[in-house]
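Before any comments, here is the structure.
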Amino acid sequence: MAAITLGNRLRPLAYLSPWLIGFAIFFVYPLISTVYFSFQRYDLFTLEPVGLLNYEYFLKDEAAWTSIRNTLWLVVVMVPLRVVFGLGVAQLITRLKAGAGIFRTIFYLPSLVPLVAGTLGFVYLLNPSTGPVQAMLGAVGVQSPDWFGDPAYSKWGLTLLALWSVGDLMVIFMAALLDVPKQLYEAAALDGATGWRQFVHITLPVIRPVLMFAAVTGVIQTLQYFTQAMVAARVASGATDSAGSVFTPGYPDQSTLTFPEWLFQQGFRDFAMGYACVLALILFAVSMVFTLILLRQFRGFAEEES
């Protein structure tokens, strides 16, 4: 009987073993290794213990703090704008009586474009000298700003790029909006509630789990923001891959330098792997903190509603 009882207890672990093995190999082991290497001077060839030297260097690294400020700016500005814009587009399309499929396709197609190709095309479109957007604005006497060449506009240029590819969020919000019971709107209309009051008191509470999903995933993705910033800076700066050329991310004037870019620069360009491990641990910790804060906030809103 004891053996049977023990077998029954171990059976769930057997079922979970594929996941547990994968979790140990692809998460636990890399995390422990990252912590270990963060206390080393490691360049892929030599390994030398340095204690807390890498952490002390981080506190004095101006470029790292610049990348943190830029990344937090993107989190605070880009993520809410994408959520609001995606929800607004979804709301408009679900209200259309005709042509909804055409507009849904138009807004969704940019999200299917590969990141590199989309960024290249967007930088070309907004080029203040040769871009089609400036050509159209110039016809009416308006000068377009240098979206990716001026530090004052560069992060806003990346934000416009993010709004252009908001189709993924739009589709998710459309599914959530179409799932809201129509009886709630009909009852609210009979009570004299306007469209705005219906949106605030019916639509938002019902789709709150989807909003939470969009916010959490948006924050995590933005904390890992890399490809668009790297490609836009490289194209706008005119850098090439010719022999002897060196491109430092962040053009112009480190205004688009994100934390993952600086981590990549330290680890795979300068081969300061020990210091790159410190940056990776900081990125992991910040991502966890942001996620927990957002989950707690949405949980508090849900409890207030209930």
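Labels for the structure tokens follow display order: chains A, B, ..., residues from 1 in each chain, ligands from 1.
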
Members of segment 68-185 of chain A assigned helix (DSSP H, G or I) by DSSP, as JSON, numbers by chain: {"A": [68, 69, 70, 71, 72, 73, 74, 75, 76, 77, 78, 79, 80, 81, 82, 83, 84, 85, 86, 87, 88, 89, 90, 91, 92, 93, 94, 95, 100, 101, 102, 103, 104, 105, 106, 107, 108, 109, 110, 111, 112, 115, 116, 117, 118, 119, 120, 121, 122, 123, 124, 125, 132, 133, 134, 135, 136, 137, 138, 154, 155, 156, 157, 158, 159, 160, 161, 162, 163, 164, 167, 168, 169, 170, 171, 172, 173, 174, 175, 176, 177, 178, 182, 183, 184, 185]}

For the contact check between segment 135-189 of chain A and segment 62-79 of chain A, emit one row per residue of segment 135-189 of chain A within 9 Å, containing the shortest atom pair and the distance in Å rounded to one decimal, counting only C-alpha atoms, chain then rising number order, as JSON lines.
```
{"residue": "A:Lys155", "atom": "CA", "partner": "A:Leu74", "partner_atom": "CA", "distance": 7.5}
{"residue": "A:Trp156", "atom": "CA", "partner": "A:Met78", "partner_atom": "CA", "distance": 8.6}
{"residue": "A:Leu158", "atom": "CA", "partner": "A:Met78", "partner_atom": "CA", "distance": 8.5}
{"residue": "A:Thr159", "atom": "CA", "partner": "A:Met78", "partner_atom": "CA", "distance": 5.6}
{"residue": "A:Leu160", "atom": "CA", "partner": "A:Met78", "partner_atom": "CA", "distance": 8.7}
{"residue": "A:Ala162", "atom": "CA", "partner": "A:Met78", "partner_atom": "CA", "distance": 7.4}
{"residue": "A:Leu163", "atom": "CA", "partner": "A:Met78", "partner_atom": "CA", "distance": 8.3}
```

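Of the listed residues A:Thr46, A:Ser165, A:Thr5, A:Gln254, the one whose atoms come nearest to Phe271 of chain A is A:Thr46, with distances taken using only C-alpha atoms.
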
Within 10 Å of Thr105 of chain A using only C-alpha atoms, minus same-chain residues under 5 positions, as a PyMOL selection string: chain A and resi 100+110+167+171

Non-local contacts of segment 266-268 of chain A (12 Å; only C-alpha atoms; under 2 positions in same chain excluded) as a ChimeraX atom specification: /A:37-38,41-44,54,58,61,63-64,248-249,259-264,270-280

Point-to-point distance in Å for atom CA of Pro114 of chain A and atom CA of Leu211 of chain A: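 Rounded to one decimal, the two atoms are 25.0 Å apart.
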
Residue set, segment 12-140 of chain A restricted to strand (DSSP E), as a list in words: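 So, restricting segment 12-140 of chain A to strand (DSSP E), we get Gln40, Arg41, Tyr42, Leu47, Glu48 and Pro49 of chain A.
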
Keeping all heavy atoms, export the residues of the selection given above as a short mmCIF file (atom, residue, chain, number, x, y, z; two decimals), in the first residue's frame.
```
data_model
loop_
_atom_site.label_atom_id
_atom_site.label_comp_id
_atom_site.auth_asym_id
_atom_site.auth_seq_id
_atom_site.Cartn_x
_atom_site.Cartn_y
_atom_site.Cartn_z
N GLN A 40 32.73 37.51 -12.44
CA GLN A 40 33.97 37.15 -13.11
C GLN A 40 34.32 38.19 -14.18
O GLN A 40 33.44 38.88 -14.71
CB GLN A 40 33.85 35.77 -13.79
CG GLN A 40 33.28 34.67 -12.92
CD GLN A 40 34.22 34.22 -11.84
OE1 GLN A 40 35.43 34.18 -12.05
NE2 GLN A 40 33.70 33.87 -10.67
N ARG A 41 35.61 38.27 -14.50
CA ARG A 41 36.03 38.97 -15.70
C ARG A 41 36.17 37.90 -16.78
O ARG A 41 37.11 37.12 -16.79
CB ARG A 41 37.35 39.71 -15.51
CG ARG A 41 37.81 40.45 -16.77
CD ARG A 41 39.11 41.20 -16.58
NE ARG A 41 38.90 42.40 -15.78
CZ ARG A 41 39.38 42.58 -14.57
NH1 ARG A 41 40.10 41.60 -14.00
NH2 ARG A 41 39.16 43.69 -13.90
N TYR A 42 35.20 37.89 -17.70
CA TYR A 42 35.09 36.78 -18.65
C TYR A 42 34.99 37.34 -20.07
O TYR A 42 34.12 38.16 -20.37
CB TYR A 42 33.85 35.96 -18.31
CG TYR A 42 33.60 34.78 -19.21
CD1 TYR A 42 34.63 33.92 -19.57
CD2 TYR A 42 32.32 34.51 -19.69
CE1 TYR A 42 34.39 32.82 -20.38
CE2 TYR A 42 32.07 33.42 -20.50
CZ TYR A 42 33.11 32.58 -20.85
OH TYR A 42 32.87 31.50 -21.66
N LEU A 47 38.91 33.46 -17.55
CA LEU A 47 37.94 33.60 -16.47
C LEU A 47 38.70 34.00 -15.22
O LEU A 47 39.56 33.26 -14.74
CB LEU A 47 37.18 32.29 -16.27
CG LEU A 47 35.94 32.33 -15.38
CD1 LEU A 47 34.87 33.20 -16.01
CD2 LEU A 47 35.39 30.91 -15.18
N GLU A 48 38.38 35.19 -14.67
CA GLU A 48 39.09 35.70 -13.50
C GLU A 48 38.09 36.27 -12.50
O GLU A 48 37.32 37.18 -12.83
CB GLU A 48 40.07 36.80 -13.92
CG GLU A 48 40.81 37.43 -12.76
CD GLU A 48 41.64 38.62 -13.21
OE1 GLU A 48 41.72 38.88 -14.42
OE2 GLU A 48 42.21 39.29 -12.33
N PRO A 49 38.06 35.76 -11.27
CA PRO A 49 37.14 36.31 -10.27
C PRO A 49 37.46 37.77 -9.95
O PRO A 49 38.62 38.12 -9.75
CB PRO A 49 37.37 35.41 -9.06
CG PRO A 49 38.01 34.17 -9.59
CD PRO A 49 38.82 34.61 -10.76
#
```

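If you look at atom CA of Ser144 of chain A and atom CA of Gly121 of chain A, they are 16.7 Å away from each other.
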
Straight-line distance linking atom CA of Gln228 of chain A with atom CA of Leu115 of chain A, stated in Å to one decimal: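 So the answer is 6.6 Å.
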
Selection: 12 Å around segment 198-205 of chain A, only C-alpha atoms, excl. self and same-chain fewer than 2 positions, as a PyMOL selection string: chain A and resi 84+87-88+91+173-174+176-196+207-212+298-299+301-306

Export of prior selection with N, CA and C atoms as a compact mmCIF listing (two decimals), in the first residue's frame:
```txt
# COMPACT_ATOMS: atom_id res chain seq x y z
N VAL A 84 -3.75 52.36 -26.10
CA VAL A 84 -4.87 53.28 -26.36
C VAL A 84 -5.19 53.32 -27.85
N LEU A 87 -6.74 49.97 -28.99
CA LEU A 87 -8.12 49.87 -28.52
C LEU A 87 -9.03 50.81 -29.29
N GLY A 88 -8.55 52.03 -29.58
CA GLY A 88 -9.36 52.98 -30.33
C GLY A 88 -9.67 52.50 -31.74
N GLN A 91 -12.14 49.66 -31.56
CA GLN A 91 -13.49 50.16 -31.25
C GLN A 91 -14.14 50.75 -32.49
N PHE A 173 -7.91 43.18 -29.29
CA PHE A 173 -8.95 44.03 -28.71
C PHE A 173 -10.28 43.84 -29.44
N MET A 174 -10.23 43.64 -30.75
CA MET A 174 -11.48 43.41 -31.48
C MET A 174 -12.18 42.15 -30.99
N ALA A 176 -11.96 40.87 -28.05
CA ALA A 176 -12.50 41.15 -26.71
C ALA A 176 -13.76 42.01 -26.79
N LEU A 177 -13.76 43.02 -27.66
CA LEU A 177 -14.92 43.91 -27.78
C LEU A 177 -16.13 43.18 -28.32
N LEU A 178 -15.91 42.30 -29.29
CA LEU A 178 -17.03 41.55 -29.85
C LEU A 178 -17.59 40.53 -28.87
N ASP A 179 -16.83 40.22 -27.81
CA ASP A 179 -17.27 39.25 -26.82
C ASP A 179 -18.06 39.89 -25.68
N VAL A 180 -18.13 41.22 -25.66
CA VAL A 180 -18.91 41.91 -24.62
C VAL A 180 -20.40 41.67 -24.88
N PRO A 181 -21.16 41.20 -23.90
CA PRO A 181 -22.59 40.93 -24.13
C PRO A 181 -23.35 42.18 -24.55
N LYS A 182 -24.09 42.07 -25.65
CA LYS A 182 -24.85 43.22 -26.15
C LYS A 182 -25.99 43.60 -25.21
N GLN A 183 -26.44 42.63 -24.41
CA GLN A 183 -27.54 42.93 -23.48
C GLN A 183 -27.14 44.01 -22.48
N LEU A 184 -25.85 44.05 -22.13
CA LEU A 184 -25.40 45.08 -21.19
C LEU A 184 -25.53 46.47 -21.81
N TYR A 185 -25.18 46.60 -23.08
CA TYR A 185 -25.32 47.89 -23.75
C TYR A 185 -26.79 48.29 -23.88
N GLU A 186 -27.64 47.32 -24.20
CA GLU A 186 -29.06 47.62 -24.36
C GLU A 186 -29.66 48.07 -23.03
N ALA A 187 -29.29 47.39 -21.93
CA ALA A 187 -29.80 47.80 -20.63
C ALA A 187 -29.29 49.19 -20.24
N ALA A 188 -28.03 49.46 -20.55
CA ALA A 188 -27.47 50.78 -20.22
C ALA A 188 -28.13 51.87 -21.05
N ALA A 189 -28.44 51.58 -22.32
CA ALA A 189 -29.10 52.57 -23.17
C ALA A 189 -30.50 52.88 -22.65
N LEU A 190 -31.21 51.88 -22.16
CA LEU A 190 -32.54 52.11 -21.60
C LEU A 190 -32.47 52.98 -20.35
N ASP A 191 -31.35 52.89 -19.62
CA ASP A 191 -31.16 53.72 -18.42
C ASP A 191 -30.63 55.10 -18.76
N GLY A 192 -30.43 55.37 -20.04
CA GLY A 192 -29.99 56.70 -20.46
C GLY A 192 -28.49 56.90 -20.47
N ALA A 193 -27.71 55.83 -20.41
CA ALA A 193 -26.24 55.96 -20.42
C ALA A 193 -25.77 56.30 -21.83
N THR A 194 -24.89 57.28 -21.92
CA THR A 194 -24.33 57.69 -23.21
C THR A 194 -23.27 56.69 -23.66
N GLY A 195 -22.79 56.88 -24.89
CA GLY A 195 -21.76 55.99 -25.43
C GLY A 195 -20.50 55.98 -24.59
N TRP A 196 -20.07 57.16 -24.10
CA TRP A 196 -18.86 57.23 -23.30
C TRP A 196 -19.04 56.51 -21.96
N ILE A 207 -13.39 43.97 -20.57
CA ILE A 207 -12.16 43.61 -21.30
C ILE A 207 -10.91 43.86 -20.46
N ARG A 208 -11.06 44.08 -19.15
CA ARG A 208 -9.89 44.36 -18.31
C ARG A 208 -8.83 43.25 -18.37
N PRO A 209 -9.18 41.97 -18.39
CA PRO A 209 -8.12 40.95 -18.52
C PRO A 209 -7.31 41.10 -19.80
N VAL A 210 -7.96 41.49 -20.88
CA VAL A 210 -7.24 41.69 -22.14
C VAL A 210 -6.34 42.92 -22.04
N LEU A 211 -6.82 43.96 -21.40
CA LEU A 211 -5.99 45.15 -21.18
C LEU A 211 -4.76 44.79 -20.34
N MET A 212 -4.96 43.97 -19.32
CA MET A 212 -3.83 43.54 -18.49
C MET A 212 -2.82 42.77 -19.34
N PHE A 298 -3.87 45.69 -11.57
CA PHE A 298 -5.08 45.19 -12.21
C PHE A 298 -5.89 44.33 -11.25
N ARG A 299 -5.22 43.59 -10.37
CA ARG A 299 -5.94 42.79 -9.39
C ARG A 299 -6.69 43.69 -8.41
N PHE A 301 -7.87 46.69 -9.14
CA PHE A 301 -9.03 47.22 -9.85
C PHE A 301 -10.15 46.19 -9.90
N ALA A 302 -9.79 44.93 -10.13
CA ALA A 302 -10.80 43.88 -10.22
C ALA A 302 -11.52 43.72 -8.88
N GLU A 303 -10.78 43.78 -7.77
CA GLU A 303 -11.40 43.65 -6.46
C GLU A 303 -12.32 44.83 -6.15
N GLU A 304 -11.96 46.03 -6.60
CA GLU A 304 -12.81 47.19 -6.39
C GLU A 304 -14.11 47.05 -7.15
N GLU A 305 -14.02 46.52 -8.39
CA GLU A 305 -15.24 46.35 -9.20
C GLU A 305 -16.18 45.30 -8.58
N SER A 306 -15.55 44.23 -8.03
CA SER A 306 -16.37 43.18 -7.46
C SER A 306 -16.98 43.60 -6.11
```
